[in-house]
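Undergrad: Enclosed is the structure file my_file37.txt (compact mmCIF, C-alpha atoms).
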```
# COMPACT_ATOMS: atom_id res chain seq x y z
CA MET A 1 0.00 0.00 0.00
CA SER A 2 1.38 3.40 -0.95
CA ILE A 3 1.69 6.09 1.72
CA GLU A 4 0.82 9.69 0.85
CA VAL A 5 3.24 12.31 2.15
CA ASP A 6 2.26 15.96 1.95
CA VAL A 7 5.29 18.24 1.74
CA VAL A 8 5.19 21.87 2.87
CA ARG A 9 7.95 24.44 3.24
CA VAL A 10 8.05 26.19 6.59
CA PHE A 11 9.52 29.63 7.36
CA THR A 12 9.47 30.85 3.76
CA ASP A 13 10.00 34.48 2.83
CA ALA A 14 7.08 36.74 1.86
CA ASN A 15 7.23 35.44 -1.74
CA GLY A 16 7.04 31.78 -0.71
CA HIS A 17 10.72 31.16 -1.38
CA HIS A 18 13.19 29.17 0.74
CA GLY A 19 11.82 27.52 3.89
CA ASN A 20 12.49 24.07 5.32
CA ALA A 21 10.78 21.07 3.70
CA LEU A 22 8.55 19.07 6.03
CA GLY A 23 6.94 15.72 5.33
CA ILE A 24 3.47 15.26 6.89
CA VAL A 25 2.07 11.73 7.20
CA ASP A 26 -1.21 10.35 8.56
CA ALA A 27 0.02 8.26 11.50
CA ALA A 28 -2.74 5.69 10.90
CA LEU A 29 -0.99 4.66 7.68
CA VAL A 30 2.38 3.83 9.26
CA PRO A 31 2.93 1.53 12.28
CA ALA A 32 4.97 3.13 15.05
CA GLU A 33 7.94 0.82 14.45
CA ARG A 34 8.18 1.88 10.78
CA ARG A 35 8.11 5.65 11.26
CA GLN A 36 11.83 6.15 11.85
CA GLY A 37 12.63 4.12 8.74
CA LEU A 38 10.22 6.12 6.61
CA ALA A 39 11.68 9.41 7.89
CA ALA A 40 15.16 8.16 6.90
CA GLU A 41 13.87 7.11 3.47
CA LEU A 42 12.24 10.49 2.85
CA GLY A 43 15.39 12.32 3.92
CA PHE A 44 13.74 15.56 5.06
CA SER A 45 15.31 17.22 8.07
CA GLU A 46 12.04 16.32 9.84
CA THR A 47 8.96 14.25 9.09
CA ILE A 48 5.89 14.50 11.32
CA PHE A 49 3.29 11.76 11.83
CA VAL A 50 -0.10 13.05 12.98
CA GLU A 51 -3.14 11.33 14.44
CA LEU A 52 -5.76 13.22 12.47
CA PRO A 53 -8.21 14.98 14.81
CA GLY A 54 -11.91 14.29 14.68
CA PRO A 55 -14.51 16.99 13.93
CA GLY A 56 -14.36 19.81 16.47
CA ALA A 57 -11.28 18.43 18.25
CA ALA A 58 -9.12 21.05 19.97
CA SER A 59 -5.89 19.04 19.87
CA ALA A 60 -3.97 16.53 17.78
CA ARG A 61 -1.18 14.11 18.70
CA ALA A 62 2.02 13.91 16.66
CA GLN A 63 5.50 12.39 16.54
CA ILE A 64 8.54 14.02 14.92
CA PHE A 65 11.50 12.21 13.36
CA THR A 66 14.75 13.34 11.74
CA PRO A 67 16.46 10.82 9.42
CA ALA A 68 18.34 9.50 12.48
CA THR A 69 16.22 9.99 15.62
CA GLU A 70 12.88 10.96 17.17
CA LEU A 71 12.57 14.47 18.62
CA PRO A 72 10.34 15.36 21.58
CA PHE A 73 9.73 18.80 20.04
CA ALA A 74 10.74 20.73 16.93
CA GLY A 75 9.68 24.12 15.66
CA HIS A 76 9.24 23.86 11.92
CA PRO A 77 7.29 20.55 12.11
CA THR A 78 4.78 21.93 14.63
CA VAL A 79 4.38 25.21 12.74
CA GLY A 80 3.99 23.34 9.45
CA LEU A 81 1.53 20.79 10.83
CA SER A 82 -0.60 23.48 12.45
CA TRP A 83 -0.86 25.32 9.12
CA TRP A 84 -1.61 22.08 7.25
CA LEU A 85 -4.42 21.10 9.63
CA ARG A 86 -5.95 24.56 9.36
CA GLU A 87 -5.85 24.36 5.54
CA ARG A 88 -7.72 21.03 5.74
CA GLY A 89 -10.46 22.54 7.91
CA ALA A 90 -9.19 20.73 11.01
CA ALA A 91 -7.56 23.59 12.93
CA VAL A 92 -6.55 22.80 16.50
CA ASP A 93 -5.39 24.92 19.42
CA VAL A 94 -2.84 22.43 20.76
CA LEU A 95 -0.45 19.88 19.28
CA GLU A 96 0.40 17.09 21.68
CA VAL A 97 4.03 16.04 21.17
CA PRO A 98 6.25 14.03 23.55
CA ALA A 99 7.78 17.18 25.07
CA GLY A 100 4.38 18.57 26.07
CA PRO A 101 1.35 20.49 24.78
CA VAL A 102 2.28 22.99 22.07
CA THR A 103 -0.16 25.91 21.82
CA THR A 104 -0.61 27.13 18.25
CA TYR A 105 -2.32 30.15 16.70
CA VAL A 106 -2.34 32.42 13.64
CA ASP A 107 -1.45 36.11 13.75
CA HIS A 108 -0.81 38.56 10.89
CA GLY A 109 -0.87 35.76 8.34
CA MET A 110 1.77 33.72 10.14
CA THR A 111 1.44 30.44 12.02
CA TRP A 112 2.90 30.38 15.53
CA VAL A 113 3.66 27.83 18.23
CA ARG A 114 4.58 28.36 21.88
CA ALA A 115 7.37 26.29 23.43
CA LYS A 116 9.57 25.98 26.47
CA PRO A 117 13.26 26.43 25.60
CA ASP A 118 14.23 23.25 27.46
CA TRP A 119 12.07 21.23 25.04
CA ALA A 120 14.62 22.02 22.33
CA PRO A 121 18.00 20.30 21.96
CA GLU A 122 21.05 22.01 23.38
CA PHE A 123 22.92 23.90 20.67
CA THR A 124 26.53 25.02 20.76
CA LEU A 125 26.28 28.70 19.87
CA HIS A 126 28.96 30.18 17.60
CA PRO A 127 28.71 33.99 17.50
CA LYS A 128 30.35 35.55 14.44
CA PRO A 129 31.37 39.17 13.78
CA ASP A 130 29.03 39.65 10.80
CA SER A 131 26.68 37.96 8.33
CA ALA A 132 29.49 37.30 5.85
CA ALA A 133 31.26 35.14 8.43
CA VAL A 134 28.05 33.17 8.96
CA VAL A 135 27.57 32.61 5.23
CA SER A 136 31.16 31.45 4.76
CA THR A 137 30.95 28.77 7.48
CA ARG A 138 31.48 25.27 6.06
CA ALA A 139 29.11 22.45 6.99
CA ASP A 140 32.00 19.99 7.07
CA SER A 141 33.51 21.94 9.97
CA PHE A 142 31.17 20.01 12.27
CA GLU A 143 31.33 16.25 12.78
CA SER A 144 28.99 15.81 15.75
CA GLY A 145 26.58 17.66 18.02
CA HIS A 146 24.21 20.56 17.30
CA HIS A 147 25.74 23.86 16.18
CA TYR A 148 24.15 27.28 15.66
CA VAL A 149 26.26 29.90 13.89
CA TRP A 150 24.91 33.44 14.12
CA ALA A 151 25.64 37.18 13.90
CA TRP A 152 23.72 40.38 14.49
CA ALA A 153 22.25 41.76 11.25
CA GLY A 154 20.42 44.82 12.55
CA GLU A 155 18.24 45.85 15.47
CA GLY A 156 16.56 42.69 16.70
CA ALA A 157 17.69 40.78 13.60
CA ILE A 158 20.24 38.00 13.21
CA ARG A 159 21.72 35.94 10.37
CA SER A 160 22.17 32.25 11.17
CA ARG A 161 22.87 28.71 10.01
CA MET A 162 22.43 25.39 11.84
CA PHE A 163 24.40 22.14 11.55
CA ALA A 164 23.36 18.90 13.28
CA PRO A 165 25.32 15.87 12.02
CA LEU A 166 24.29 13.93 15.13
CA MET A 167 20.68 14.05 13.93
CA GLY A 168 21.62 13.11 10.35
CA ILE A 169 21.27 16.74 9.20
CA PRO A 170 24.50 18.22 7.76
CA GLU A 171 22.73 21.60 7.54
CA ASP A 172 19.17 22.58 8.40
CA GLU A 173 17.59 25.31 6.30
CA ALA A 174 15.29 26.73 9.00
CA THR A 175 15.25 25.58 12.62
CA GLY A 176 12.46 26.61 14.99
CA ALA A 177 13.96 24.83 18.01
CA ALA A 178 17.27 26.66 17.56
CA ALA A 179 15.32 29.92 17.18
CA VAL A 180 13.73 29.22 20.56
CA ARG A 181 17.14 28.58 22.14
CA ILE A 182 18.84 31.69 20.71
CA THR A 183 15.84 33.80 21.75
CA GLU A 184 16.19 32.55 25.31
CA HIS A 185 19.96 33.14 25.19
CA LEU A 186 19.63 36.73 23.95
CA ARG A 187 16.49 37.36 26.02
CA ARG A 188 14.71 39.30 23.29
CA SER A 189 12.32 38.83 20.38
CA LEU A 190 14.05 38.24 17.05
CA HIS A 191 13.73 38.29 13.27
CA ILE A 192 16.01 35.50 12.03
CA THR A 193 17.26 34.95 8.49
CA GLN A 194 18.59 31.39 8.34
CA GLY A 195 20.16 29.27 5.63
CA ARG A 196 19.63 30.56 2.10
CA GLY A 197 17.00 33.10 3.15
CA SER A 198 14.36 31.49 5.33
CA GLN A 199 12.51 33.84 7.68
CA ILE A 200 11.75 33.00 11.33
CA TYR A 201 10.18 35.26 13.95
CA THR A 202 10.22 34.85 17.72
CA VAL A 203 8.59 36.51 20.71
CA TYR A 204 10.39 36.36 24.03
CA ALA A 205 8.32 36.22 27.21
CA ARG A 206 9.77 36.57 30.70
CA ASP A 207 7.53 33.77 31.97
CA GLY A 208 9.82 31.20 30.35
CA TRP A 209 7.98 30.64 27.07
CA VAL A 210 9.06 31.54 23.54
CA ASP A 211 6.71 31.88 20.56
CA VAL A 212 8.16 31.00 17.16
CA GLY A 213 6.36 31.61 13.90
CA GLY A 214 6.51 32.23 10.18
CA ARG A 215 4.96 31.57 6.81
CA VAL A 216 4.18 28.13 5.36
CA HIS A 217 3.91 27.30 1.66
CA PRO A 218 2.56 24.10 0.06
CA ASP A 219 5.13 22.19 -1.97
CA ARG A 220 4.08 18.78 -3.32
CA THR A 221 2.57 15.38 -2.50
CA LEU A 222 4.61 12.19 -2.66
CA SER A 223 3.54 8.53 -2.73
CA VAL A 224 6.01 6.11 -1.18
```
Here is the file; what I need is its structure written in the form of structure tokens.

TA:
Amino acid sequence: MSIEVDVVRVFTDANGHHGNALGIVDAALVPAERRQGLAAELGFSETIFVELPGPGAASARAQIFTPATELPFAGHPTVGLSWWLRERGAAVDVLEVPAGPVTTYVDHGMTWVRAKPDWAPEFTLHPKPDSAAVVSTRADSFESGHHYVWAWAGEGAIRSRMFAPLMGIPEDEATGAAAVRITEHLRRSLHITQGRGSQIYTVYARDGWVDVGGRVHPDRTLSV
């Protein structure tokens, strides 16, 4: 039996360019023990498996996998799934992932999720003097761990790239979890340009939560 995978790009720019590809799969079609293998086969930085909510449901359960491991929380999969459910007429207020309940909402045409920074992996932060130094960083400089290279690019704006060979991701185009971590580190709301030109926005709250949001664009549907 073929499995349908909807692909969306999360954290695009205003013209729908760039963004991080996300595979979205109906969890009912894939047994739990096969999900990691399918995520590896698809090769996206993350694939999310969702238990589709029934009519009027306020929440939906989901699991997130990189090609190498399951994640308790990730930003671009939860943002992308929230948008996808809303487009299907099944909008929810909360996504239940292993890390905890992720509140989601739409504001000014962007889809947002709210997360605790400690839900995200620990990243080694590499501050650089300017955006050019970020752009010139080589992915093969990193052999293990989770690395976030960044520089200030204006008031409240940073330029960044993320490398996570430990998760099977040489470079991630747009990383919501890392955006949550850098927002906590800098203790301020941010506009982040990551990778080739993906756009991520965060809101810092002193109560320990960080909102991360952006635009989502449909890409394609695969059958595997």

Undergrad: What does the structure give for the distance between CA of Phe123 (chain A) and CA of Tyr148 (chain A), in Å to one decimal?

TA: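 So the answer is 6.2 Å.
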
Undergrad: Nearest to His17 (chain A): which of A:Pro218, A:Gly156, A:Gly80, A:Pro53 is it, counting only C-alpha atoms?

TA: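 For His17 (chain A), the nearest of the given residues is A:Pro218.
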
Undergrad: What are the closest atom pairs, with distances in Å to one decimal, for all residues of region 20-85 of chain A lying within 10 Å of region 107-112 of chain A? Consider all atoms listed in the file, order rows by chain and residue number, and present the result as JSON lines.

TA:
```
{"residue": "A:Gly75", "atom": "CA", "partner": "A:Trp112", "partner_atom": "CA", "distance": 9.2}
{"residue": "A:His76", "atom": "CA", "partner": "A:Trp112", "partner_atom": "CA", "distance": 9.8}
{"residue": "A:Thr78", "atom": "CA", "partner": "A:Trp112", "partner_atom": "CA", "distance": 8.7}
{"residue": "A:Val79", "atom": "CA", "partner": "A:Thr111", "partner_atom": "CA", "distance": 6.0}
{"residue": "A:Gly80", "atom": "CA", "partner": "A:Thr111", "partner_atom": "CA", "distance": 8.0}
{"residue": "A:Leu81", "atom": "CA", "partner": "A:Thr111", "partner_atom": "CA", "distance": 9.7}
{"residue": "A:Ser82", "atom": "CA", "partner": "A:Thr111", "partner_atom": "CA", "distance": 7.3}
{"residue": "A:Trp83", "atom": "CA", "partner": "A:Thr111", "partner_atom": "CA", "distance": 6.3}
```

Undergrad: Between A:Gly197, A:Gly89, A:Gly43, A:Gly100, which one has atoms that come closest to Thr12 (chain A), using all atoms listed in the file?

TA: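 Result for the nearest residue to Thr12 (chain A): A:Gly197.
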
Undergrad: Tell me, as number ranges by chain, which residues lie within 6 Å of region 215-217 of chain A, counting only C-alpha atoms; anything in the same chain fewer than 2 positions away does not count.

TA: A: 8-12, 16, 110
